[in-house]
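Source file: protein_37.json (JSON, C-alpha atoms)
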```
[["chain", "number", "residue", "atom", "x", "y", "z"],
["A", 1136, "MET", "CA", -18.00, -41.33, -15.78],
["A", 1137, "ARG", "CA", -18.66, -40.87, -12.22],
["A", 1138, "ALA", "CA", -21.88, -39.41, -11.18],
["A", 1139, "PRO", "CA", -21.53, -36.09, -9.66],
["A", 1140, "ALA", "CA", -21.41, -36.12, -5.86],
["A", 1141, "LYS", "CA", -24.40, -34.92, -3.98],
["A", 1142, "PRO", "CA", -23.81, -31.85, -2.01],
["A", 1143, "ARG", "CA", -23.65, -32.32, 1.82],
["A", 1144, "GLN", "CA", -26.54, -31.06, 3.79],
["A", 1145, "THR", "CA", -25.63, -29.16, 6.85],
["A", 1146, "ALA", "CA", -28.10, -28.96, 9.69],
["A", 1147, "ALA", "CA", -29.37, -25.59, 10.48],
["A", 1148, "PRO", "CA", -28.13, -24.22, 13.76],
["A", 1149, "ALA", "CA", -30.63, -24.64, 16.66],
["A", 1150, "LYS", "CA", -32.31, -21.57, 17.80],
["A", 1151, "ARG", "CA", -31.52, -20.41, 21.29],
["A", 1152, "PRO", "CA", -34.45, -19.71, 23.51],
["A", 1153, "ALA", "CA", -35.10, -16.09, 23.92],
["A", 1154, "PRO", "CA", -34.09, -14.81, 27.29],
["A", 1155, "ALA", "CA", -36.94, -14.12, 29.69],
["A", 1156, "LYS", "CA", -37.82, -10.55, 30.07],
["A", 1157, "ARG", "CA", -36.88, -9.07, 33.35],
["A", 1158, "THR", "CA", -39.32, -6.94, 35.08],
["A", 1159, "SER", "CA", -38.14, -4.16, 37.28],
["A", 1160, "PRO", "CA", -39.40, -3.93, 40.76],
["A", 1161, "ALA", "CA", -41.25, -0.81, 39.98],
["A", 1162, "LYS", "CA", -43.12, -2.41, 37.15],
["A", 1163, "ALA", "CA", -43.79, -5.68, 38.95],
["A", 1164, "LYS", "CA", -47.39, -6.26, 39.52],
["A", 1165, "PRO", "CA", -48.31, -6.37, 43.10],
["A", 1166, "SER", "CA", -49.45, -9.79, 44.21],
["A", 1167, "ALA", "CA", -52.88, -10.15, 45.52],
["A", 1168, "ARG", "CA", -52.97, -9.77, 49.34],
["A", 1169, "ARG", "CA", -54.89, -12.25, 51.36],
["A", 1170, "THR", "CA", -57.55, -10.98, 53.67],
["A", 1171, "ASP", "CA", -58.88, -12.42, 56.92],
["A", 1172, "PRO", "CA", -62.47, -13.41, 56.21],
["A", 1173, "ALA", "CA", -63.48, -12.72, 59.84],
["A", 1174, "THR", "CA", -62.24, -9.16, 59.98],
["A", 1175, "GLU", "CA", -62.14, -8.32, 56.31],
["A", 1176, "ARG", "CA", -58.65, -7.04, 56.95],
["A", 1177, "PRO", "CA", -55.55, -8.09, 55.15],
["A", 1178, "ALA", "CA", -53.75, -10.88, 57.00],
["A", 1179, "ALA", "CA", -50.31, -10.13, 58.32],
["A", 1180, "PRO", "CA", -47.60, -11.75, 56.36],
["A", 1181, "LYS", "CA", -45.99, -14.75, 57.95],
["A", 1182, "GLN", "CA", -42.70, -14.06, 59.60],
["A", 1183, "THR", "CA", -40.18, -16.73, 59.87],
["A", 1184, "VAL", "CA", -37.74, -16.41, 62.78],
["A", 1185, "THR", "CA", -34.56, -18.19, 62.42],
["A", 1186, "THR", "CA", -32.53, -18.89, 65.59],
["A", 1187, "THR", "CA", -29.01, -19.92, 65.60],
["A", 1188, "GLU", "CA", -28.20, -22.22, 68.55],
["A", 1189, "LYS", "CA", -24.72, -23.22, 69.25],
["A", 1190, "PRO", "CA", -24.42, -26.93, 69.78],
["A", 1191, "ALA", "CA", -23.45, -27.90, 73.34],
["A", 1192, "ALA", "CA", -19.84, -28.56, 73.69],
["A", 1193, "ALA", "CA", -19.26, -32.22, 74.18],
["A", 1194, "VAL", "CA", -17.16, -33.21, 77.20],
["A", 1195, "VAL", "CA", -14.58, -35.67, 76.20],
["A", 1196, "VAL", "CA", -13.99, -38.40, 78.79],
["A", 1197, "GLY", "CA", -10.55, -38.07, 80.22],
["A", 1198, "SER", "CA", -10.27, -34.39, 79.44],
["A", 1199, "PRO", "CA", -9.43, -31.81, 82.16],
["A", 1200, "ALA", "CA", -13.03, -30.61, 82.14],
["A", 1201, "SER", "CA", -14.36, -34.09, 82.86],
["A", 1202, "ARG", "CA", -11.88, -34.57, 85.70],
["A", 1203, "VAL", "CA", -12.89, -31.27, 87.36],
["A", 1204, "SER", "CA", -16.57, -32.16, 87.04],
["A", 1205, "GLY", "CA", -15.98, -35.53, 88.67],
["A", 1206, "GLN", "CA", -14.01, -34.03, 91.57],
["A", 1207, "PHE", "CA", -16.75, -31.44, 92.20],
["A", 1208, "ALA", "CA", -19.41, -34.16, 92.31],
["A", 1209, "GLU", "CA", -17.29, -36.18, 94.76],
["A", 1210, "ARG", "CA", -16.86, -33.17, 97.05],
["A", 1211, "VAL", "CA", -20.58, -32.44, 97.01],
["A", 1212, "ALA", "CA", -21.28, -36.06, 97.95],
["A", 1213, "GLU", "CA", -18.67, -35.93, 100.73],
["A", 1214, "ARG", "CA", -20.19, -32.76, 102.17],
["A", 1215, "ARG", "CA", -23.64, -34.29, 102.18],
["A", 1216, "THR", "CA", -22.30, -37.35, 103.94],
["A", 1217, "ALA", "CA", -20.45, -35.21, 106.50],
["A", 1218, "ARG", "CA", -23.57, -33.16, 107.22],
["A", 1219, "ARG", "CA", -25.60, -36.31, 107.66],
["A", 1220, "ARG", "CA", -23.01, -37.74, 110.05],
["A", 1221, "LEU", "CA", -22.87, -34.48, 112.03],
["A", 1222, "ARG", "CA", -26.66, -34.43, 112.31],
["A", 1223, "TRP", "CA", -26.80, -38.00, 113.60],
["A", 1224, "ARG", "CA", -23.88, -37.40, 115.92],
["A", 1225, "THR", "CA", -25.56, -34.31, 117.42],
["A", 1226, "MET", "CA", -28.79, -36.21, 117.94],
["A", 1227, "ALA", "CA", -26.86, -39.03, 119.61],
["A", 1228, "TRP", "CA", -25.11, -36.61, 121.97],
["A", 1229, "ILE", "CA", -28.38, -34.93, 122.88],
["A", 1230, "GLY", "CA", -30.01, -38.28, 123.56],
["A", 1231, "ALA", "CA", -27.07, -39.38, 125.69],
["A", 1232, "ALA", "CA", -27.16, -36.12, 127.67],
["A", 1233, "VAL", "CA", -30.89, -36.56, 128.34],
["A", 1234, "LEU", "CA", -30.33, -40.10, 129.54],
["A", 1235, "VAL", "CA", -27.45, -39.06, 131.80],
["A", 1236, "ALA", "CA", -29.48, -36.19, 133.29],
["A", 1237, "ALA", "CA", -32.42, -38.51, 133.93],
["A", 1238, "ALA", "CA", -30.14, -41.08, 135.56],
["A", 1239, "LEU", "CA", -28.51, -38.45, 137.79],
["A", 1240, "GLY", "CA", -31.89, -37.02, 138.75],
["A", 1241, "TRP", "CA", -33.15, -40.44, 139.76],
["A", 1242, "LEU", "CA", -29.92, -41.16, 141.64],
["A", 1243, "VAL", "CA", -30.05, -37.91, 143.63],
["A", 1244, "LEU", "CA", -33.79, -37.59, 144.24],
["A", 1245, "TYR", "CA", -35.08, -41.16, 144.46],
["A", 1246, "SER", "CA", -32.24, -43.64, 144.80],
["A", 1247, "PRO", "CA", -31.73, -45.28, 148.22],
["A", 1248, "VAL", "CA", -27.99, -44.99, 147.64],
["A", 1249, "LEU", "CA", -28.09, -41.32, 148.73],
["A", 1250, "ALA", "CA", -30.76, -41.75, 151.41],
["A", 1251, "LEU", "CA", -30.32, -40.84, 155.07],
["A", 1252, "ALA", "CA", -28.93, -43.76, 157.07],
["A", 1253, "GLU", "CA", -29.64, -44.04, 160.79],
["A", 1254, "ASP", "CA", -26.06, -45.01, 161.60],
["A", 1255, "GLU", "CA", -24.69, -41.88, 159.90],
["A", 1256, "ILE", "CA", -26.46, -39.31, 162.08],
["A", 1257, "THR", "CA", -24.02, -37.21, 164.11],
["A", 1258, "ILE", "CA", -25.34, -35.10, 167.00],
["A", 1259, "THR", "CA", -23.34, -32.64, 169.10],
["A", 1260, "GLY", "CA", -24.17, -30.16, 171.87],
["A", 1261, "THR", "CA", -26.63, -32.27, 173.87],
["A", 1262, "THR", "CA", -26.82, -32.03, 177.67],
["A", 1263, "GLU", "CA", -28.64, -33.66, 180.52],
["A", 1264, "ILE", "CA", -31.60, -31.39, 179.80],
["A", 1265, "VAL", "CA", -31.76, -32.00, 176.04],
["A", 1266, "THR", "CA", -30.49, -35.52, 175.47],
["A", 1267, "ASP", "CA", -29.01, -37.22, 172.44],
["A", 1268, "ALA", "CA", -31.90, -39.68, 172.34],
["A", 1269, "GLN", "CA", -34.49, -36.90, 172.08],
["A", 1270, "VAL", "CA", -32.73, -35.24, 169.16],
["A", 1271, "ARG", "CA", -32.03, -38.55, 167.40],
["A", 1272, "GLU", "CA", -35.69, -39.52, 167.55],
["A", 1273, "VAL", "CA", -36.64, -36.39, 165.62],
["A", 1274, "VAL", "CA", -33.93, -36.88, 162.98],
["A", 1275, "GLN", "CA", -34.61, -40.59, 162.46],
["A", 1276, "ALA", "CA", -38.17, -39.81, 161.44],
["A", 1277, "GLN", "CA", -36.75, -38.95, 157.99],
["A", 1278, "ALA", "CA", -34.42, -41.94, 157.71],
["A", 1279, "GLY", "CA", -34.52, -43.47, 154.22],
["A", 1280, "VAL", "CA", -35.32, -40.14, 152.53],
["A", 1281, "PRO", "CA", -32.71, -39.03, 149.93],
["A", 1282, "LEU", "CA", -30.56, -36.20, 151.28],
["A", 1283, "ALA", "CA", -31.62, -33.88, 148.47],
["A", 1284, "ARG", "CA", -35.24, -34.21, 149.59],
["A", 1285, "LEU", "CA", -34.68, -33.92, 153.35],
["A", 1286, "ASP", "CA", -37.00, -31.38, 154.94],
["A", 1287, "THR", "CA", -34.36, -29.80, 157.15],
["A", 1288, "GLY", "CA", -36.74, -26.97, 158.08],
["A", 1289, "ALA", "CA", -39.25, -29.37, 159.60],
["A", 1290, "MET", "CA", -36.43, -31.29, 161.26],
["A", 1291, "ALA", "CA", -35.04, -28.10, 162.84],
["A", 1292, "ASN", "CA", -38.48, -27.04, 164.06],
["A", 1293, "GLY", "CA", -38.96, -30.43, 165.68],
["A", 1294, "ILE", "CA", -35.63, -30.19, 167.50],
["A", 1295, "GLU", "CA", -36.15, -26.58, 168.62],
["A", 1296, "SER", "CA", -39.47, -27.57, 170.15],
["A", 1297, "LEU", "CA", -37.58, -29.74, 172.62],
["A", 1298, "THR", "CA", -37.08, -28.25, 176.07],
["A", 1299, "GLY", "CA", -33.58, -26.93, 176.49],
["A", 1300, "VAL", "CA", -32.77, -26.22, 172.82],
["A", 1301, "LEU", "CA", -31.89, -22.62, 171.99],
["A", 1302, "ASP", "CA", -30.83, -23.13, 168.37],
["A", 1303, "VAL", "CA", -29.87, -25.93, 165.98],
["A", 1304, "ARG", "CA", -27.89, -26.25, 162.76],
["A", 1305, "ILE", "CA", -28.35, -29.17, 160.38],
["A", 1306, "SER", "CA", -25.88, -30.04, 157.61],
["A", 1307, "ARG", "CA", -26.08, -32.75, 154.96],
["A", 1308, "VAL", "CA", -23.07, -35.09, 154.82],
["A", 1309, "TRP", "CA", -23.00, -36.87, 151.47],
["A", 1310, "PRO", "CA", -23.67, -39.53, 150.53],
["A", 1311, "SER", "CA", -26.06, -40.54, 153.33],
["A", 1312, "GLY", "CA", -25.50, -38.67, 156.58],
["A", 1313, "VAL", "CA", -26.39, -35.51, 158.52],
["A", 1314, "GLU", "CA", -24.71, -33.49, 161.23],
["A", 1315, "VAL", "CA", -26.90, -31.89, 163.90],
["A", 1316, "ALA", "CA", -25.27, -29.20, 166.06],
["A", 1317, "VAL", "CA", -27.45, -28.29, 169.04],
["A", 1318, "GLU", "CA", -27.00, -25.04, 170.96],
["A", 1319, "PRO", "CA", -28.56, -25.83, 174.32],
["A", 1320, "ARG", "CA", -30.10, -23.46, 176.79],
["A", 1321, "VAL", "CA", -27.88, -23.10, 179.86],
["A", 1322, "PRO", "CA", -29.51, -22.89, 183.29],
["A", 1323, "VAL", "CA", -28.17, -19.98, 185.30],
["A", 1324, "ALA", "CA", -30.30, -20.20, 188.41],
["A", 1325, "SER", "CA", -33.04, -22.06, 190.20],
["A", 1326, "VAL", "CA", -36.18, -20.59, 191.69],
["A", 1327, "ALA", "CA", -38.71, -21.97, 194.10],
["A", 1328, "ALA", "CA", -41.66, -23.38, 192.20],
["A", 1329, "ASP", "CA", -45.28, -22.84, 193.23],
["A", 1330, "GLY", "CA", -46.03, -26.54, 193.67],
["A", 1331, "GLY", "CA", -42.86, -27.26, 195.57],
["A", 1332, "GLY", "CA", -39.34, -27.96, 194.48],
["A", 1333, "PHE", "CA", -37.22, -25.77, 192.28],
["A", 1334, "ALA", "CA", -37.34, -24.81, 188.60],
["A", 1335, "LEU", "CA", -34.13, -24.41, 186.62],
["A", 1336, "LEU", "CA", -34.15, -21.25, 184.52],
["A", 1337, "ASP", "CA", -31.92, -19.95, 181.74],
["A", 1338, "ALA", "CA", -31.05, -16.31, 181.07],
["A", 1339, "GLU", "CA", -34.36, -15.76, 179.27],
["A", 1340, "GLY", "CA", -36.41, -17.18, 182.13],
["A", 1341, "VAL", "CA", -37.30, -20.39, 180.28],
["A", 1342, "GLU", "CA", -37.93, -23.25, 182.66],
["A", 1343, "LEU", "CA", -35.62, -26.07, 181.63],
["A", 1344, "ALA", "CA", -36.16, -28.66, 184.31],
["A", 1345, "HIS", "CA", -37.69, -29.25, 187.72],
["A", 1346, "THR", "CA", -35.83, -30.59, 190.77],
["A", 1347, "GLU", "CA", -36.87, -31.43, 194.31],
["A", 1348, "ALA", "CA", -33.89, -29.70, 195.89],
["A", 1349, "PRO", "CA", -31.68, -26.78, 194.83],
["A", 1350, "THR", "CA", -28.82, -27.59, 192.51],
["A", 1351, "GLU", "CA", -25.45, -26.92, 194.12],
["A", 1352, "ALA", "CA", -23.95, -25.50, 190.94],
["A", 1353, "LEU", "CA", -26.74, -22.93, 190.50],
["A", 1354, "PRO", "CA", -27.70, -20.02, 192.71],
["A", 1355, "VAL", "CA", -31.17, -19.87, 194.15],
["A", 1356, "ILE", "CA", -33.09, -16.73, 193.20],
["A", 1357, "THR", "CA", -35.38, -15.03, 195.64],
["A", 1358, "VAL", "CA", -37.79, -12.41, 194.37],
["A", 1359, "PRO", "CA", -40.95, -10.97, 195.92],
["A", 1360, "LEU", "CA", -43.50, -13.41, 194.57],
["A", 1361, "GLY", "CA", -47.02, -12.22, 193.91],
["A", 1362, "GLU", "CA", -46.09, -8.57, 193.65],
["A", 1363, "GLU", "CA", -46.30, -6.35, 190.59],
["A", 1364, "GLY", "CA", -42.98, -6.33, 188.76],
["A", 1365, "THR", "CA", -41.95, -9.81, 189.93],
["A", 1366, "ALA", "CA", -41.29, -10.98, 186.37],
["A", 1367, "VAL", "CA", -39.21, -7.87, 185.65],
["A", 1368, "SER", "CA", -37.13, -8.33, 188.77],
["A", 1369, "LEU", "CA", -36.63, -12.01, 188.00],
["A", 1370, "GLN", "CA", -35.50, -11.17, 184.47],
["A", 1371, "ALA", "CA", -33.04, -8.58, 185.80],
["A", 1372, "VAL", "CA", -31.45, -11.15, 188.11],
["A", 1373, "LEU", "CA", -31.20, -13.72, 185.31],
["A", 1374, "THR", "CA", -29.61, -11.13, 183.02],
["A", 1375, "VAL", "CA", -26.97, -10.27, 185.61],
["A", 1376, "LEU", "CA", -26.14, -13.92, 186.24],
["A", 1377, "SER", "CA", -25.79, -14.55, 182.50],
["A", 1378, "GLN", "CA", -23.20, -11.73, 182.34],
["A", 1379, "LEU", "CA", -20.91, -13.39, 184.89],
["A", 1380, "PRO", "CA", -18.00, -15.51, 183.64],
["A", 1381, "PRO", "CA", -18.30, -19.22, 184.45],
["A", 1382, "ASP", "CA", -15.72, -19.17, 187.26],
["A", 1383, "LEU", "CA", -17.49, -16.28, 189.02],
["A", 1384, "LEU", "CA", -20.95, -17.74, 188.42],
["A", 1385, "ALA", "CA", -19.84, -20.93, 190.11],
["A", 1386, "GLN", "CA", -19.13, -18.89, 193.29],
["A", 1387, "VAL", "CA", -22.65, -17.43, 193.50],
["A", 1388, "ALA", "CA", -24.71, -19.11, 196.22],
["A", 1389, "ASP", "CA", -27.93, -17.14, 195.88],
["A", 1390, "ALA", "CA", -29.26, -14.04, 194.19],
["A", 1391, "GLY", "CA", -32.30, -11.83, 194.35],
["A", 1392, "ALA", "CA", -33.79, -8.42, 193.71],
["A", 1393, "GLN", "CA", -36.53, -6.35, 195.28],
["A", 1394, "THR", "CA", -36.65, -4.22, 192.11],
["A", 1395, "PRO", "CA", -34.88, -4.47, 188.74],
["A", 1396, "ASN", "CA", -32.35, -1.88, 189.92],
["A", 1397, "GLN", "CA", -31.49, -3.66, 193.19],
["A", 1398, "VAL", "CA", -29.91, -6.91, 192.06],
["A", 1399, "ARG", "CA", -27.62, -8.47, 194.62],
["A", 1400, "PHE", "CA", -26.09, -11.91, 195.15],
["A", 1401, "THR", "CA", -24.10, -13.77, 197.80],
["A", 1402, "LEU", "CA", -20.87, -15.65, 197.10],
["A", 1403, "THR", "CA", -19.99, -19.03, 198.55],
["A", 1404, "ASP", "CA", -17.42, -17.44, 200.93],
["A", 1405, "GLY", "CA", -20.18, -15.29, 202.48],
["A", 1406, "ALA", "CA", -19.36, -12.00, 200.73],
["A", 1407, "GLU", "CA", -22.32, -9.99, 199.47],
["A", 1408, "VAL", "CA", -22.24, -8.20, 196.09],
["A", 1409, "ILE", "CA", -24.55, -5.26, 195.47],
["A", 1410, "TRP", "CA", -24.79, -5.17, 191.69],
["A", 1411, "GLY", "CA", -27.57, -2.65, 191.07],
["A", 1412, "SER", "CA", -29.10, -2.70, 187.59],
["A", 1413, "ALA", "CA", -28.12, -4.96, 184.72],
["A", 1414, "ASP", "CA", -26.36, -2.10, 182.93],
["A", 1415, "ASP", "CA", -22.57, -1.96, 182.43],
["A", 1416, "GLY", "CA", -22.21, -5.66, 183.04],
["A", 1417, "ASP", "CA", -18.70, -6.05, 181.58],
["A", 1418, "LEU", "CA", -17.35, -3.08, 183.54],
["A", 1419, "LYS", "CA", -18.84, -4.34, 186.80],
["A", 1420, "VAL", "CA", -17.34, -7.79, 186.25],
["A", 1421, "ALA", "CA", -13.88, -6.26, 185.74],
["A", 1422, "VAL", "CA", -14.21, -4.07, 188.86],
["A", 1423, "LEU", "CA", -15.38, -6.94, 191.05],
["A", 1424, "THR", "CA", -12.60, -9.22, 189.80],
["A", 1425, "THR", "CA", -10.00, -6.52, 190.56],
["A", 1426, "LEU", "CA", -11.35, -5.83, 194.06],
["A", 1427, "ARG", "CA", -11.36, -9.49, 194.98],
["A", 1428, "SER", "CA", -7.80, -9.93, 193.73],
["A", 1429, "VAL", "CA", -6.42, -7.25, 196.09],
["A", 1430, "PRO", "CA", -4.87, -8.96, 199.15],
["A", 1431, "ALA", "CA", -6.30, -7.81, 202.46],
["A", 1432, "ALA", "CA", -5.86, -8.84, 206.08],
["A", 1433, "VAL", "CA", -9.62, -8.99, 206.45],
["A", 1434, "PRO", "CA", -11.52, -9.62, 203.18],
["A", 1435, "PRO", "CA", -14.43, -7.23, 202.63],
["A", 1436, "ALA", "CA", -17.87, -8.51, 203.53],
["A", 1437, "VAL", "CA", -19.67, -6.27, 201.02],
["A", 1438, "TYR", "CA", -18.76, -5.18, 197.49],
["A", 1439, "ASP", "CA", -20.97, -2.36, 196.29],
["A", 1440, "ILE", "CA", -20.36, -1.91, 192.56],
["A", 1441, "SER", "CA", -23.74, -0.44, 191.65],
["A", 1442, "ALA", "CA", -21.68, 2.59, 190.58],
["A", 1443, "PRO", "CA", -18.70, 0.83, 188.97],
["A", 1444, "LEU", "CA", -16.58, 4.00, 188.67],
["A", 1445, "SER", "CA", -16.91, 4.55, 192.44],
["A", 1446, "PRO", "CA", -16.97, 1.08, 194.03],
["A", 1447, "ILE", "CA", -17.34, 0.71, 197.80],
["A", 1448, "THR", "CA", -16.10, -2.12, 199.98],
["A", 1449, "ARG", "CA", -16.77, -2.59, 203.66]]
```
How does the structure come out when it is put into C-alpha cells?
Amino acid sequence: MRAPAKPRQTAAPAKRPAPAKRTSPAKAKPSARRTDPATERPAAPKQTVTTTEKPAAAVVVGSPASRVSGQFAERVAERRTARRRLRWRTMAWIGAAVLVAAALGWLVLYSPVLALAEDEITITGTTEIVTDAQVREVVQAQAGVPLARLDTGAMANGIESLTGVLDVRISRVWPSGVEVAVEPRVPVASVAADGGGFALLDAEGVELAHTEAPTEALPVITVPLGEEGTAVSLQAVLTVLSQLPPDLLAQVADAGAQTPNQVRFTLTDGAEVIWGSADDGDLKVAVLTTLRSVPAAVPPAVYDISAPLSPITR
C-alpha cells in the first residue's frame, strides 16, 4: 500500500508594507527656523534665481547671414582705407602748396631772375636841362634789387630833386625792367641875374639854368628890381607867358610889368601887347589871335586887350 501523500505546504502571502501616513499641511510641524547668531534674528531663507538664457544662434558658414557679415566687414575696412588715403593725400597737397608758395616767394622777393637790370631801364621826357644821364644815375642805384622790393618812392624823390623835373612816374616792367616818365619844367622866360648873365625861369619862377646871354627862343623879362612887389610882378609875367600857346610864345621878344596888373610884352615884329592882369587868359589869347589875323594895310603897333571884351588897336 502506498503511503499517503503529504499535503503540500503553501507559503503564506507576504505582507505589504503599510502605506506611510500623509500629513496635511495644516498639521505639519513647522520646521525649526535658523537664526543669525549676530543679530539673533531669523535668517532669510535662501532664494534661488533661475535664469533662462537662450543659446546664441550659431552662424553657419556659407549661410546668407555669414555672407552679409563678411561684406559688412569688407566695407568697413574699405572705408577705413579710403579715409586713410584721403588724410595722406590732403597732407601731401598742403605740403606741396607750402613748398610752391615758398618757392614763389623766394623767386619774387629774392631771386636775381626778377631783379632790375641796368640795360632794361627806359627813360622818357628828358631835356637839355634834365638829362637822361642824371635820371639814369638815380635809377641805377637800385640795380640788382628784385622789382617787388624796389623802393619806387625813394627813386621818385631822387629824380624830383633834380633841377628841371616837375613830376615823374615810375612803372615796373616785368620781369626785370622799369619805365621812368619825366615831366620836365619848361622855361618860359629869362631874367637878368644879379651876378651877371641870365637865369632861365619856368612858369612857377623856378630857376632852371643859367646862361651868359639871353636865349633867342625865350623872352627877356624886365621888372623893377629891388622894389616891393617885384616877386609878385615877376610871377604875374611868368603866369601870362605860360598861358600863351607855343606858336605865340615863340613870337614874344621881351616882357615885363611895373605891377601885377600891368603885364605887357613885345612881339618879334615890333608890335606891343598890353595884357593887363593874368585873369581871363584864354579869352585874351583868342582876342589877340583874331585881331592879328585881320588883314590891314598898316598893321597895328599896339594891341590893348587888358579889357578883352573891348580891345583897342592903334
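Minimum atom-to-atom distance to A:Glu1263, evaluated using all atoms listed in the file, belongs to A:Pro1319 out of A:Thr1365, A:Thr1425, A:Pro1319, A:Pro1349.
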Checklist line | Best match for closeness to A:Gly1330 among A:Thr1357, A:Thr1298, A:Thr1346, A:Thr1266, counting only C-alpha atoms | finding: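 Looking at the shortest contact to A:Gly1330, the residue is A:Thr1346.
Between atom CA of A:Asp1302 and atom CA of A:Ala1352 the interatomic distance comes to 23.7 Å.
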Next item on the list: Would you be able to write out as number ranges by chain which residues have an atom within 12 Å of (-32.3, -36.1, 150.3) in the file's coordinates, counting only C-alpha atoms?
Entry: A: 1240-1252, 1277-1287, 1306-1313
Check: Near stretch 1388-1399 of chain A, within 12 Å and counting only C-alpha atoms, which residues show up once chain neighbours fewer than 6 positions away are dropped, as an MDAnalysis selection string?
Finding: chainID A and resid 1323:1327 1349:1360 1362:1376 1405:1414 1416 1437:1442
Margin query: Between atom CA of A:Val1315 and atom CA of A:Leu1336, what is the distance in Å, rounded to a tenth?
Written below: 24.3 Å
Notebook entry, point to check: Restricting the calculation to all atoms listed in the file, which member of A:Asp1382, A:Asp1337, A:Glu1253, A:Asp1404 is positioned closest to A:Glu1272?
Noted result: A:Glu1253
Margin query: As an exercise, work out the distance from atom CA of A:Ala1289 to atom CA of A:Thr1259 in Å and give it to one decimal place.
Written below: 18.8 Å
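Look at A:Val1341: the protein and nucleic acid residues within 10 Å of it, using all atoms listed in the file and passing over chain neighbours fewer than 5 places away, are Thr1298, Gly1299, Arg1320, Val1321, Pro1322, Ala1334, Leu1335 and Leu1336 of chain A.
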Can I get stretch 1256-1273 of chain A with N, CA and C atoms filled in, as a PDB file, keeping the file's coordinate frame?
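Result written to part37.pdb:
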```pdb
ATOM      1  N   ILE A1256     -25.942 -40.544 161.476  1.00  0.00           N
ATOM      2  CA  ILE A1256     -26.460 -39.310 162.080  1.00  0.00           C
ATOM      3  C   ILE A1256     -25.534 -38.900 163.213  1.00  0.00           C
ATOM      4  N   THR A1257     -24.947 -37.714 163.093  1.00  0.00           N
ATOM      5  CA  THR A1257     -24.020 -37.210 164.110  1.00  0.00           C
ATOM      6  C   THR A1257     -24.667 -36.046 164.842  1.00  0.00           C
ATOM      7  N   ILE A1258     -24.685 -36.119 166.169  1.00  0.00           N
ATOM      8  CA  ILE A1258     -25.340 -35.100 167.000  1.00  0.00           C
ATOM      9  C   ILE A1258     -24.342 -34.585 168.021  1.00  0.00           C
ATOM     10  N   THR A1259     -24.240 -33.260 168.130  1.00  0.00           N
ATOM     11  CA  THR A1259     -23.340 -32.640 169.100  1.00  0.00           C
ATOM     12  C   THR A1259     -24.112 -31.559 169.873  1.00  0.00           C
ATOM     13  N   GLY A1260     -23.604 -31.249 171.082  1.00  0.00           N
ATOM     14  CA  GLY A1260     -24.170 -30.160 171.870  1.00  0.00           C
ATOM     15  C   GLY A1260     -25.277 -30.573 172.834  1.00  0.00           C
ATOM     16  N   THR A1261     -25.563 -31.846 172.967  1.00  0.00           N
ATOM     17  CA  THR A1261     -26.630 -32.270 173.870  1.00  0.00           C
ATOM     18  C   THR A1261     -26.154 -32.210 175.330  1.00  0.00           C
ATOM     19  N   THR A1262     -27.105 -32.099 176.230  1.00  0.00           N
ATOM     20  CA  THR A1262     -26.820 -32.030 177.670  1.00  0.00           C
ATOM     21  C   THR A1262     -27.752 -32.979 178.402  1.00  0.00           C
ATOM     22  N   GLU A1263     -27.710 -32.854 179.723  1.00  0.00           N
ATOM     23  CA  GLU A1263     -28.640 -33.660 180.520  1.00  0.00           C
ATOM     24  C   GLU A1263     -30.071 -33.183 180.349  1.00  0.00           C
ATOM     25  N   ILE A1264     -30.247 -31.924 179.977  1.00  0.00           N
ATOM     26  CA  ILE A1264     -31.600 -31.390 179.800  1.00  0.00           C
ATOM     27  C   ILE A1264     -32.147 -31.761 178.435  1.00  0.00           C
ATOM     28  N   VAL A1265     -31.355 -31.569 177.372  1.00  0.00           N
ATOM     29  CA  VAL A1265     -31.760 -32.000 176.040  1.00  0.00           C
ATOM     30  C   VAL A1265     -30.814 -33.137 175.651  1.00  0.00           C
ATOM     31  N   THR A1266     -31.333 -34.339 175.619  1.00  0.00           N
ATOM     32  CA  THR A1266     -30.490 -35.520 175.470  1.00  0.00           C
ATOM     33  C   THR A1266     -30.303 -35.893 174.001  1.00  0.00           C
ATOM     34  N   ASP A1267     -29.295 -36.733 173.789  1.00  0.00           N
ATOM     35  CA  ASP A1267     -29.010 -37.220 172.440  1.00  0.00           C
ATOM     36  C   ASP A1267     -30.172 -38.053 171.909  1.00  0.00           C
ATOM     37  N   ALA A1268     -30.795 -38.824 172.773  1.00  0.00           N
ATOM     38  CA  ALA A1268     -31.900 -39.680 172.340  1.00  0.00           C
ATOM     39  C   ALA A1268     -33.087 -38.858 171.843  1.00  0.00           C
ATOM     40  N   GLN A1269     -33.371 -37.737 172.500  1.00  0.00           N
ATOM     41  CA  GLN A1269     -34.490 -36.900 172.080  1.00  0.00           C
ATOM     42  C   GLN A1269     -34.251 -36.315 170.683  1.00  0.00           C
ATOM     43  N   VAL A1270     -33.044 -35.825 170.467  1.00  0.00           N
ATOM     44  CA  VAL A1270     -32.730 -35.240 169.160  1.00  0.00           C
ATOM     45  C   VAL A1270     -32.704 -36.322 168.082  1.00  0.00           C
ATOM     46  N   ARG A1271     -32.133 -37.470 168.382  1.00  0.00           N
ATOM     47  CA  ARG A1271     -32.030 -38.550 167.400  1.00  0.00           C
ATOM     48  C   ARG A1271     -33.410 -39.055 166.977  1.00  0.00           C
ATOM     49  N   GLU A1272     -34.337 -39.070 167.892  1.00  0.00           N
ATOM     50  CA  GLU A1272     -35.690 -39.520 167.550  1.00  0.00           C
ATOM     51  C   GLU A1272     -36.330 -38.616 166.495  1.00  0.00           C
ATOM     52  N   VAL A1273     -36.085 -37.314 166.601  1.00  0.00           N
ATOM     53  CA  VAL A1273     -36.640 -36.390 165.620  1.00  0.00           C
ATOM     54  C   VAL A1273     -35.977 -36.577 164.253  1.00  0.00           C
TER      55      VAL A1273
END
```
